[in-house]
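S.K.: Sharing final_23.cif below, mmCIF, C-alpha atoms and all ligand atoms:
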```
data_model
#
loop_
_atom_site.label_atom_id
_atom_site.label_comp_id
_atom_site.auth_asym_id
_atom_site.auth_seq_id
_atom_site.Cartn_x
_atom_site.Cartn_y
_atom_site.Cartn_z
CA MET E 277 57.67 31.72 -30.38
CA ALA E 278 57.43 31.81 -26.63
CA THR E 279 54.66 29.84 -25.04
CA LYS E 280 52.15 31.55 -22.79
CA LYS E 281 50.55 30.46 -19.55
CA ILE E 282 46.82 29.82 -19.33
CA LEU E 283 44.29 31.00 -16.78
CA LEU E 284 40.90 29.32 -16.94
CA LEU E 285 38.32 31.20 -14.87
CA VAL E 286 35.13 29.19 -14.53
CA LEU E 287 32.12 31.05 -13.16
CA ASP E 288 29.94 28.10 -12.24
CA GLY E 289 26.43 28.33 -13.66
CA LEU E 290 27.26 31.64 -15.43
CA GLY E 291 24.86 31.30 -18.36
CA ASP E 292 21.26 32.41 -18.00
CA ARG E 293 18.15 33.45 -19.87
CA GLU E 294 16.77 36.90 -20.59
CA TYR E 295 14.46 38.78 -18.29
CA GLU E 296 13.15 41.94 -19.95
CA GLY E 297 15.74 41.48 -22.70
CA LYS E 298 18.82 40.94 -20.56
CA THR E 299 20.54 38.06 -18.80
CA PRO E 300 22.21 38.59 -15.39
CA LEU E 301 25.62 38.75 -17.13
CA GLU E 302 24.27 41.40 -19.52
CA SER E 303 22.65 43.34 -16.68
CA ALA E 304 25.81 43.35 -14.59
CA VAL E 305 28.37 46.16 -14.76
CA HIS E 306 31.69 44.53 -15.59
CA PRO E 307 34.21 46.80 -17.30
CA ASN E 308 37.01 44.27 -16.79
CA PHE E 309 35.20 41.36 -18.43
CA ASP E 310 34.16 43.72 -21.24
CA GLU E 311 37.78 44.73 -21.76
CA LEU E 312 38.77 41.07 -21.98
CA SER E 313 35.99 40.45 -24.53
CA ALA E 314 37.05 43.50 -26.56
CA THR E 315 40.72 42.52 -26.59
CA GLY E 316 40.07 38.84 -27.25
CA VAL E 317 37.81 36.45 -29.13
CA ASN E 318 34.38 35.29 -28.02
CA GLY E 319 31.89 32.53 -28.56
CA LEU E 320 29.41 30.12 -27.05
CA MET E 321 30.11 26.66 -25.67
CA TYR E 322 28.02 23.54 -25.18
CA THR E 323 30.15 21.98 -22.46
CA LEU E 324 28.81 18.48 -23.18
CA ALA E 325 26.67 18.59 -26.33
CA PRO E 326 23.57 20.40 -27.61
CA GLY E 327 20.54 19.15 -25.74
CA VAL E 328 22.49 17.68 -22.83
CA VAL E 329 22.12 19.29 -19.39
CA PRO E 330 25.61 19.27 -17.87
CA GLY E 331 26.43 18.34 -14.31
CA SER E 332 29.28 20.39 -12.88
CA ASP E 333 31.57 17.36 -12.65
CA THR E 334 31.09 16.09 -16.21
CA ALA E 335 31.23 19.66 -17.57
CA HIS E 336 34.59 20.28 -15.92
CA LEU E 337 36.03 17.02 -17.22
CA ALA E 338 34.97 18.06 -20.72
CA MET E 339 36.49 21.54 -20.36
CA PHE E 340 39.78 19.96 -19.26
CA GLY E 341 39.65 17.92 -22.47
CA TYR E 342 38.54 14.58 -21.01
CA ASP E 343 35.55 12.95 -22.65
CA PRO E 344 33.16 12.50 -19.70
CA TYR E 345 31.37 9.67 -21.46
CA LYS E 346 34.63 7.71 -21.19
CA SER E 347 36.23 9.06 -18.02
CA TYR E 348 33.38 9.83 -15.62
CA SER E 349 33.15 7.34 -12.78
CA GLY E 350 30.72 8.86 -10.29
CA ARG E 351 30.67 12.03 -8.21
CA GLY E 352 31.59 10.43 -4.89
CA ALA E 353 35.20 9.99 -5.98
CA TYR E 354 35.62 13.73 -6.60
CA GLU E 355 34.06 14.58 -3.25
CA ALA E 356 36.45 12.20 -1.48
CA LEU E 357 39.52 13.46 -3.32
CA GLY E 358 38.43 17.04 -2.71
CA ALA E 359 38.08 16.30 1.01
CA GLY E 360 41.71 15.18 1.03
CA ILE E 361 41.10 11.42 1.25
CA GLU E 362 43.65 9.20 -0.51
CA LEU E 363 41.44 7.18 -2.80
CA ARG E 364 42.76 3.78 -3.88
CA LYS E 365 41.92 1.60 -6.83
CA GLY E 366 38.88 -0.52 -5.91
CA ASP E 367 37.56 1.95 -3.31
CA VAL E 368 33.97 3.17 -3.67
CA ALA E 369 33.29 6.70 -2.41
CA PHE E 370 29.96 8.34 -1.56
CA ARG E 371 28.69 11.83 -0.84
CA CYS E 372 26.95 11.80 2.53
CA ASN E 373 24.48 13.91 4.44
CA PHE E 374 23.91 13.85 8.16
CA ALA E 375 20.09 13.70 8.30
CA THR E 376 17.27 13.37 10.83
CA ILE E 377 14.96 10.37 11.13
CA ASP E 378 12.03 10.13 13.51
CA SER E 379 11.22 7.21 15.84
CA SER E 380 9.56 5.30 13.00
CA GLY E 381 12.69 5.62 10.84
CA ARG E 382 11.31 8.20 8.43
CA VAL E 383 13.54 11.00 7.15
CA VAL E 384 12.17 14.28 8.51
CA ASP E 385 15.14 16.53 7.64
CA ARG E 386 17.67 15.65 4.92
CA ARG E 387 20.26 18.02 6.35
CA ALA E 388 19.71 17.70 10.09
CA GLY E 389 18.66 21.35 10.31
CA ARG E 390 21.77 22.33 8.31
CA ILE E 391 23.82 21.48 11.39
CA GLU E 392 26.88 23.73 11.71
CA ASP E 393 29.55 21.21 12.67
CA THR E 394 29.46 17.41 12.71
CA HIS E 395 33.12 16.83 13.59
CA PRO E 396 32.23 15.68 17.15
CA LEU E 397 30.20 12.87 15.52
CA GLU E 398 32.97 11.80 13.14
CA PRO E 399 34.76 9.30 15.49
CA LEU E 400 31.45 7.55 16.23
CA VAL E 401 30.88 6.88 12.55
CA GLN E 402 34.51 5.91 12.05
CA SER E 403 34.07 3.25 14.75
CA ILE E 404 31.44 1.38 12.70
CA LYS E 405 32.55 -2.16 11.86
CA LEU E 406 31.56 -3.83 8.61
CA PRO E 407 31.68 -7.57 7.89
CA GLY E 408 33.80 -9.47 5.39
CA GLY E 409 37.00 -7.48 5.88
CA ALA E 410 35.47 -4.29 4.44
CA LYS E 411 36.98 -1.12 5.87
CA LEU E 412 35.61 2.38 5.90
CA VAL E 413 37.06 5.87 5.81
CA PHE E 414 34.69 8.61 6.94
CA LYS E 415 35.20 12.35 6.98
CA SER E 416 32.89 15.17 8.03
CA THR E 417 33.29 18.12 5.68
CA ALA E 418 31.24 21.35 5.71
CA LYS E 419 28.01 21.59 7.72
CA HIS E 420 25.78 18.50 7.23
CA ARG E 421 28.03 17.09 4.51
CA ALA E 422 30.48 14.22 4.73
CA VAL E 423 32.28 11.63 2.63
CA LEU E 424 32.38 7.85 3.03
CA VAL E 425 34.85 5.52 1.35
CA LEU E 426 34.32 1.77 1.40
CA ARG E 427 37.48 -0.25 0.96
CA GLY E 428 37.75 -3.99 0.34
CA ALA E 429 37.60 -6.70 -2.28
CA GLY E 430 34.79 -6.97 -4.83
CA LEU E 431 33.22 -3.52 -4.38
CA SER E 432 31.39 -1.71 -7.16
CA ARG E 433 29.97 1.76 -7.76
CA MET E 434 26.95 0.28 -9.53
CA VAL E 435 24.52 0.84 -6.65
CA SER E 436 21.53 3.14 -6.17
CA ASP E 437 21.36 6.17 -3.89
CA VAL E 438 20.07 5.92 -0.33
CA ASP E 439 19.22 9.62 -0.30
CA SER E 440 16.04 10.06 -2.31
CA HIS E 441 16.29 13.88 -2.13
CA GLY E 442 12.93 13.76 -0.41
CA LEU E 443 11.43 12.96 2.96
CA GLY E 444 9.81 9.73 4.10
CA ASN E 445 11.19 6.24 4.21
CA ILE E 446 14.93 5.76 3.68
CA GLN E 447 15.51 4.26 0.28
CA LYS E 448 17.23 0.90 0.35
CA CYS E 449 20.49 0.77 -1.58
CA MET E 450 20.02 -1.59 -4.53
CA PRO E 451 22.58 -3.08 -6.89
CA LEU E 452 22.27 -1.56 -10.39
CA GLU E 453 24.23 -4.48 -11.77
CA LYS E 454 24.87 -7.92 -10.32
CA LYS E 455 28.38 -6.95 -9.22
CA GLY E 456 26.93 -4.22 -6.97
CA ALA E 457 25.23 -6.66 -4.60
CA LYS E 458 28.00 -6.77 -1.99
CA THR E 459 28.39 -2.98 -1.95
CA ALA E 460 24.62 -2.41 -1.66
CA ASN E 461 24.55 -4.77 1.28
CA LEU E 462 27.39 -2.93 3.03
CA VAL E 463 25.75 0.44 2.38
CA ASN E 464 22.44 -0.67 3.92
CA MET E 465 24.32 -2.03 6.90
CA PHE E 466 26.29 1.20 7.24
CA VAL E 467 23.12 3.34 7.20
CA LYS E 468 21.55 1.24 9.93
CA LYS E 469 24.70 1.25 12.05
CA SER E 470 25.11 5.01 11.59
CA HIS E 471 21.79 5.45 13.38
CA ASP E 472 22.86 3.04 16.13
CA VAL E 473 26.04 5.00 16.91
CA LEU E 474 24.60 8.49 16.40
CA LYS E 475 21.25 8.36 18.19
CA ASP E 476 22.66 8.63 21.71
CA ALA E 477 25.60 10.91 20.90
CA PRO E 478 25.99 13.79 23.42
CA LEU E 479 25.72 16.31 20.58
CA ASN E 480 22.33 14.89 19.65
CA ALA E 481 21.12 14.81 23.27
CA GLU E 482 21.98 18.49 23.41
CA ARG E 483 20.21 19.22 20.10
CA ARG E 484 17.16 17.34 21.38
CA LYS E 485 17.10 19.58 24.46
CA ARG E 486 17.33 22.71 22.30
CA GLY E 487 14.56 21.48 19.99
CA LEU E 488 16.91 21.15 17.00
CA PRO E 489 16.79 18.29 14.47
CA GLU E 490 19.24 15.55 15.45
CA ALA E 491 22.01 14.38 13.15
CA ASN E 492 21.04 10.76 13.78
CA VAL E 493 21.56 8.98 10.46
CA ILE E 494 23.80 9.20 7.41
CA LEU E 495 22.36 9.11 3.90
CA LEU E 496 24.54 8.26 0.91
CA ARG E 497 24.51 9.02 -2.80
CA GLY E 498 26.71 9.42 -5.87
CA ALA E 499 28.82 6.25 -5.59
CA GLY E 500 32.09 6.77 -7.44
CA THR E 501 35.48 5.21 -8.08
CA LEU E 502 38.87 6.68 -8.89
CA PRO E 503 38.75 7.68 -12.57
CA ALA E 504 41.45 5.98 -14.64
CA VAL E 505 42.66 8.91 -16.72
CA GLU E 506 45.94 10.24 -18.03
CA SER E 507 47.21 13.14 -15.93
CA PHE E 508 46.78 16.72 -17.07
CA GLN E 509 50.54 17.20 -16.90
CA LYS E 510 51.17 14.22 -19.15
CA ARG E 511 48.48 15.20 -21.63
CA TYR E 512 49.38 18.88 -21.96
CA GLY E 513 52.91 19.18 -20.55
CA MET E 514 51.79 21.94 -18.21
CA LYS E 515 52.27 22.25 -14.45
CA SER E 516 48.78 22.97 -13.24
CA ALA E 517 47.01 24.25 -10.13
CA CYS E 518 43.42 24.52 -8.97
CA ILE E 519 41.94 27.21 -6.75
CA ALA E 520 38.37 26.46 -5.67
CA GLY E 521 36.10 26.56 -2.65
CA GLY E 522 33.94 23.52 -3.35
CA ALA E 523 35.34 20.08 -2.52
CA MET E 524 34.06 18.50 -5.72
CA TYR E 525 35.98 20.90 -7.98
CA LYS E 526 39.18 20.31 -6.06
CA GLY E 527 38.46 16.60 -6.41
CA VAL E 528 38.08 16.75 -10.19
CA ALA E 529 41.36 18.68 -10.37
CA ARG E 530 43.10 16.23 -8.02
CA ALA E 531 41.87 13.28 -10.07
CA LEU E 532 43.73 14.82 -13.03
CA GLY E 533 46.86 15.40 -10.94
CA MET E 534 46.57 19.18 -10.52
CA ASP E 535 48.00 20.78 -7.39
CA ILE E 536 45.38 22.23 -5.06
CA ILE E 537 46.06 25.69 -3.65
CA ASP E 538 43.95 26.36 -0.57
CA VAL E 539 42.82 29.91 0.07
CA LYS E 540 41.61 31.10 3.45
CA GLY E 541 37.94 32.05 3.31
CA ALA E 542 37.34 30.33 -0.03
CA THR E 543 33.86 28.84 0.09
CA ALA E 544 31.51 27.50 -2.54
CA GLY E 545 29.11 30.37 -1.82
CA VAL E 546 28.59 34.06 -2.59
CA ASP E 547 30.47 34.87 0.63
CA THR E 548 33.72 33.48 -0.77
CA ASN E 549 37.02 35.33 -0.48
CA LEU E 550 37.12 36.60 -4.07
CA GLU E 551 40.13 38.81 -3.58
CA GLY E 552 42.08 36.00 -1.92
CA LYS E 553 41.26 33.55 -4.69
CA VAL E 554 42.17 35.93 -7.51
CA LYS E 555 45.42 36.94 -5.79
CA ALA E 556 46.28 33.27 -5.23
CA ALA E 557 45.74 32.64 -8.94
CA ALA E 558 48.05 35.52 -9.84
CA ALA E 559 50.66 34.22 -7.39
CA ALA E 560 50.42 30.70 -8.85
CA LEU E 561 51.07 32.08 -12.33
CA ASP E 562 54.11 33.92 -10.91
CA ASN E 563 55.27 30.70 -9.24
CA ASN E 564 55.97 28.40 -12.13
CA TYR E 565 52.46 27.16 -12.82
CA ASP E 566 51.68 27.04 -16.55
CA PHE E 567 47.93 26.46 -16.12
CA VAL E 568 45.72 27.78 -13.35
CA PHE E 569 42.08 26.75 -12.97
CA LEU E 570 40.20 29.28 -10.86
CA HIS E 571 36.70 28.17 -9.90
CA ILE E 572 34.07 30.56 -8.53
CA LYS E 573 30.74 29.05 -7.54
CA GLY E 574 28.47 31.98 -6.60
CA CYS E 575 26.60 32.39 -9.92
CA ASP E 576 25.36 28.79 -9.74
CA VAL E 577 24.18 29.26 -6.15
CA MET E 578 22.20 32.37 -7.12
CA GLY E 579 20.79 30.61 -10.19
CA HIS E 580 19.56 27.69 -8.08
CA ASP E 581 17.96 30.22 -5.71
CA GLY E 582 16.26 31.93 -8.67
CA ASN E 583 17.90 35.17 -7.54
CA PHE E 584 18.44 37.24 -10.71
CA ASP E 585 19.60 40.37 -8.89
CA GLY E 586 21.88 38.33 -6.62
CA LYS E 587 23.51 36.69 -9.63
CA THR E 588 23.96 40.06 -11.33
CA LYS E 589 25.51 41.56 -8.21
CA PHE E 590 27.83 38.61 -7.75
CA ILE E 591 29.15 39.01 -11.32
CA ASP E 592 29.78 42.73 -10.56
CA ASN E 593 31.77 41.65 -7.52
CA VAL E 594 33.94 39.15 -9.37
CA ASP E 595 34.69 41.77 -12.02
CA ARG E 596 36.02 44.11 -9.35
CA TYR E 597 38.87 41.77 -8.50
CA ILE E 598 40.01 40.31 -11.79
CA ASP E 599 42.17 43.30 -12.69
CA HIS E 600 44.86 41.55 -10.63
CA LEU E 601 45.04 39.03 -13.47
CA MET E 602 44.64 41.33 -16.46
CA VAL E 603 48.07 42.93 -16.18
CA ARG E 604 49.74 39.73 -17.36
CA ASN E 605 51.02 39.70 -20.94
CA ASP E 606 52.39 36.19 -20.54
CA THR E 607 48.98 34.59 -19.90
CA VAL E 608 46.02 33.67 -22.09
CA ILE E 609 42.88 34.38 -20.07
CA CYS E 610 39.73 32.36 -20.61
CA VAL E 611 36.47 33.20 -18.85
CA THR E 612 33.43 30.97 -19.15
CA GLY E 613 30.90 28.85 -17.24
CA ASP E 614 30.51 25.10 -16.90
CA HIS E 615 26.80 25.29 -17.77
CA SER E 616 23.96 27.75 -17.50
CA THR E 617 21.81 27.88 -14.36
CA PRO E 618 18.88 30.06 -15.44
CA CYS E 619 17.15 31.80 -12.53
CA GLU E 620 13.77 30.97 -14.05
CA LEU E 621 14.58 27.23 -13.92
CA LYS E 622 16.48 27.23 -10.61
CA ASP E 623 18.45 24.41 -12.16
CA HIS E 624 21.01 23.64 -14.87
CA ALA E 625 19.90 23.98 -18.47
CA ALA E 626 21.14 22.62 -21.80
CA ASP E 627 21.72 26.20 -23.07
CA PRO E 628 25.25 27.07 -24.23
CA VAL E 629 27.46 29.31 -22.07
CA PRO E 630 29.32 32.50 -23.04
CA LEU E 631 33.06 32.18 -23.53
CA LEU E 632 35.94 34.60 -24.02
CA ILE E 633 39.63 34.02 -24.71
CA ALA E 634 41.79 37.11 -24.24
CA ASN E 635 45.44 37.93 -24.76
CA CYS E 636 45.71 35.58 -27.72
CA GLY E 637 46.71 38.14 -30.35
CA ARG E 638 43.28 38.21 -32.00
CA THR E 639 40.07 40.17 -31.64
CA ASP E 640 36.64 39.75 -33.23
CA GLY E 641 34.82 43.06 -32.80
CA VAL E 642 32.81 41.91 -29.76
CA ARG E 643 32.96 44.65 -27.14
CA MET E 644 30.91 43.26 -24.27
CA PHE E 645 30.89 39.98 -22.35
CA GLY E 646 27.38 38.54 -22.48
CA GLU E 647 25.33 35.74 -24.01
CA LYS E 648 24.18 37.88 -26.96
CA PRO E 649 27.48 39.54 -27.87
CA CYS E 650 29.30 36.18 -27.56
CA ALA E 651 26.85 34.62 -30.01
CA SER E 652 28.33 36.78 -32.76
CA GLY E 653 31.95 36.23 -31.72
CA GLY E 654 34.78 34.79 -33.77
CA LEU E 655 34.97 31.49 -31.91
CA GLY E 656 31.48 30.51 -33.01
CA THR E 657 29.91 27.72 -30.99
CA ILE E 658 32.21 25.04 -29.64
CA ARG E 659 31.92 22.00 -27.40
CA GLY E 660 33.61 21.66 -24.01
CA THR E 661 36.20 19.19 -25.28
CA ASP E 662 37.29 21.78 -27.89
CA LEU E 663 38.27 24.26 -25.19
CA MET E 664 41.71 22.90 -24.19
CA PRO E 665 42.86 22.49 -27.82
CA LEU E 666 41.77 26.11 -28.46
CA LEU E 667 43.60 27.35 -25.37
CA MET E 668 46.72 25.33 -26.24
CA GLY E 669 46.68 26.95 -29.68
CA ALA E 670 46.18 30.43 -28.22
CA ALA E 671 49.11 29.84 -25.83
CA ASN E 672 51.44 28.70 -28.67
CA ARG E 673 51.48 25.20 -27.22
CA ALA E 674 49.66 23.31 -29.97
CA ARG E 675 51.58 20.76 -32.03
CA MET E 676 51.86 20.88 -35.80
CA PHE E 677 50.21 18.20 -37.87
CA GLY E 678 52.14 17.72 -41.12
CA THR E 679 55.14 19.88 -42.02
ZN ZN E 701 28.39 23.84 -12.20
ZN ZN E 702 24.42 23.77 -9.92
#
```
Translate the structure of the given file into structure tokens.
Ligand code: ZN
Ligand code: ZN
M.R.:
Amino acid sequence: MATKKILLLVLDGLGDREYEGKTPLESAVHPNFDELSATGVNGLMYTLAPGVVPGSDTAHLAMFGYDPYKSYSGRGAYEALGAGIELRKGDVAFRCNFATIDSSGRVVDRRAGRIEDTHPLEPLVQSIKLPGGAKLVFKSTAKHRAVLVLRGAGLSRMVSDVDSHGLGNIQKCMPLEKKGAKTANLVNMFVKKSHDVLKDAPLNAERRKRGLPEANVILLRGAGTLPAVESFQKRYGMKSACIAGGAMYKGVARALGMDIIDVKGATAGVDTNLEGKVKAAAAALDNNYDFVFLHIKGCDVMGHDGNFDGKTKFIDNVDRYIDHLMVRNDTVICVTGDHSTPCELKDHAADPVPLLIANCGRTDGVRMFGEKPCASGGLGTIRGTDLMPLLMGAANRARMFGT
């Protein structure tokens, strides 16, 4: 029997709770998702395990079939890979924020007024010298965000965050294990030196004049190292591609050896180029890719904002474009979320997420895509690490055990 291709559409933070009897997904008008539910099988998924609140990074690893408890090695690595940095074994990568400190060294704005562009500041930070032969790679990404990679002997990701997610004194980086001492030391030195090189930058002088918060220090968090995992291609024998707006998702995919397809206007927000992303996914399936991971972030953003109507509207919008993918008989289509981000919590929850698998030659009587209908679907409730085996089976790619 011929094998099929697989499209995995992840609507980040899709799951939610009921408000007046309906979740955002159930309130949205989505004839295309409903058609996929009706012509496929449905269920619920705990991406990590019941009672565990998933992070997006660990949840994605699990959905790709990698046990995050064994393969997760810190978020910074995914941010660096997603920003296009070549990460080497032994490197330690961090997520960074350009932030504002006042004259007494207290953080007064964690995002430097959500500064639009920090690329003019990039060379100043890159010029920072660290002792003991340690090298650094620094890259400004979107807005106040950036990535730092420390390179050298004896580094470790077992260090605490400098960014406390709050205002006030900068938190000192501390080793979480003895082997983290050298790295913690370098991080504290880097933070201090970042202020030295940034405080008199022309861009900051100009911001000062305009009364805007200066980008005069860099705060670090999420230390991570290159995860040592078997590639997706080797594990599943499929040529795979990732289409995403957010750097971290591209980074997770890159860590597994997937190709990254960049789409103009793809952002990790509700303003993303939905049509462009969906069309790029369809083109990738036409162009020899066996597995395409399409990531759309907007639902999570709306959930964090507590914006029920915004989340509902965003789901309507996604539904409008996915018909480009539904015409394919050669592709199993899976639609799900990496975790729920209930509007009432404005954060991730341990609740399971709805899941559908269409074009797999089976149906289960479910006619609508939503948390409630999926709860009575034929897939039952699965865990994230069950997803790839299920999809491999649906695509006629599973191996026989026995004879
Ligand atoms: Zn997520
Ligand atoms: Zn989130």
S.K.: Show me, as a ChimeraX atom specification, the residues that have an atom within 6 Å of stretch 375-380 of chain E when counting all atoms listed in the file, minus same-chain residues fewer than 2 positions from it.
M.R.: /E:373,382-388,490-494
S.K.: Between E:Glu482, E:Glu296, E:Glu551, E:Asp576, which has the minimum distance to ligand ZN 702 (chain E) (counting all atoms listed in the file)?
M.R.: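 Looking at the shortest contact to ligand ZN 702 (chain E), the residue is E:Asp576.
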S.K.: Counting only C-alpha atoms, find residues at most 12 Å from (47.6, 19.2, -4.3) (file frame) and give them as a ChimeraX atom specification.
M.R.: /E:357-362,515-520,526-538
S.K.: Please report, as CSV, each residue of chain E lying at most 9 Å from ligand ZN 702 (chain E), together with the nearest pair of atoms and the separation in Å rounded to one decimal; use only C-alpha atoms and all ligand atoms, and order rows by chain and ascending residue number.
M.R.:
```
residue,atom,partner,partner_atom,distance
E:Asp288,CA,E:ZN702,ZN,7.4
E:Gly289,CA,E:ZN702,ZN,6.2
E:Gly331,CA,E:ZN702,ZN,7.3
E:Ser332,CA,E:ZN702,ZN,6.6
E:Lys573,CA,E:ZN702,ZN,8.6
E:Cys575,CA,E:ZN702,ZN,8.9
E:Asp576,CA,E:ZN702,ZN,5.1
E:Val577,CA,E:ZN702,ZN,6.7
E:Gly579,CA,E:ZN702,ZN,7.7
E:His580,CA,E:ZN702,ZN,6.5
E:His615,CA,E:ZN702,ZN,8.3
E:Ser616,CA,E:ZN702,ZN,8.6
E:Thr617,CA,E:ZN702,ZN,6.6
E:Lys622,CA,E:ZN702,ZN,8.7
E:Asp623,CA,E:ZN702,ZN,6.4
E:His624,CA,E:ZN702,ZN,6.0
```
S.K.: Which is closest to E:Tyr348 among E:Gln402, E:Thr299, E:Thr501, E:Ser470, if we use all atoms listed in the file?
M.R.: E:Thr501
S.K.: Quick one: pull the distance between atom CA of E:Gly297 and atom CA of E:Asp310, Å, one decimal.
M.R.: 18.6 Å
S.K.: Go through E:Asn549, E:Ala626, E:Ile282, E:Val438 one by one, measure the shortest atom-to-atom distance of each to E:Leu601 using all atoms listed in the file, and give the residue with the smallest value.
M.R.: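 Between E:Asn549, E:Ala626, E:Ile282, E:Val438, the residue approaching E:Leu601 most closely is E:Ile282.
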S.K.: Can you work out which one of E:Asp472, E:Glu398, E:Asp566, E:Glu620 has the shortest atom-to-atom distance to E:Tyr295, counting only C-alpha atoms?
M.R.: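 Closest to E:Tyr295 of all the choices is E:Glu620.
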S.K.: Find the residue from E:Asp333, E:Asp599, E:Glu506, E:Asp662 that sits nearest to ligand ZN 701 (chain E); use only C-alpha atoms and all ligand atoms when measuring.
M.R.: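 Going through E:Asp333, E:Asp599, E:Glu506, E:Asp662 one by one, the smallest distance to ligand ZN 701 (chain E) is for E:Asp333.
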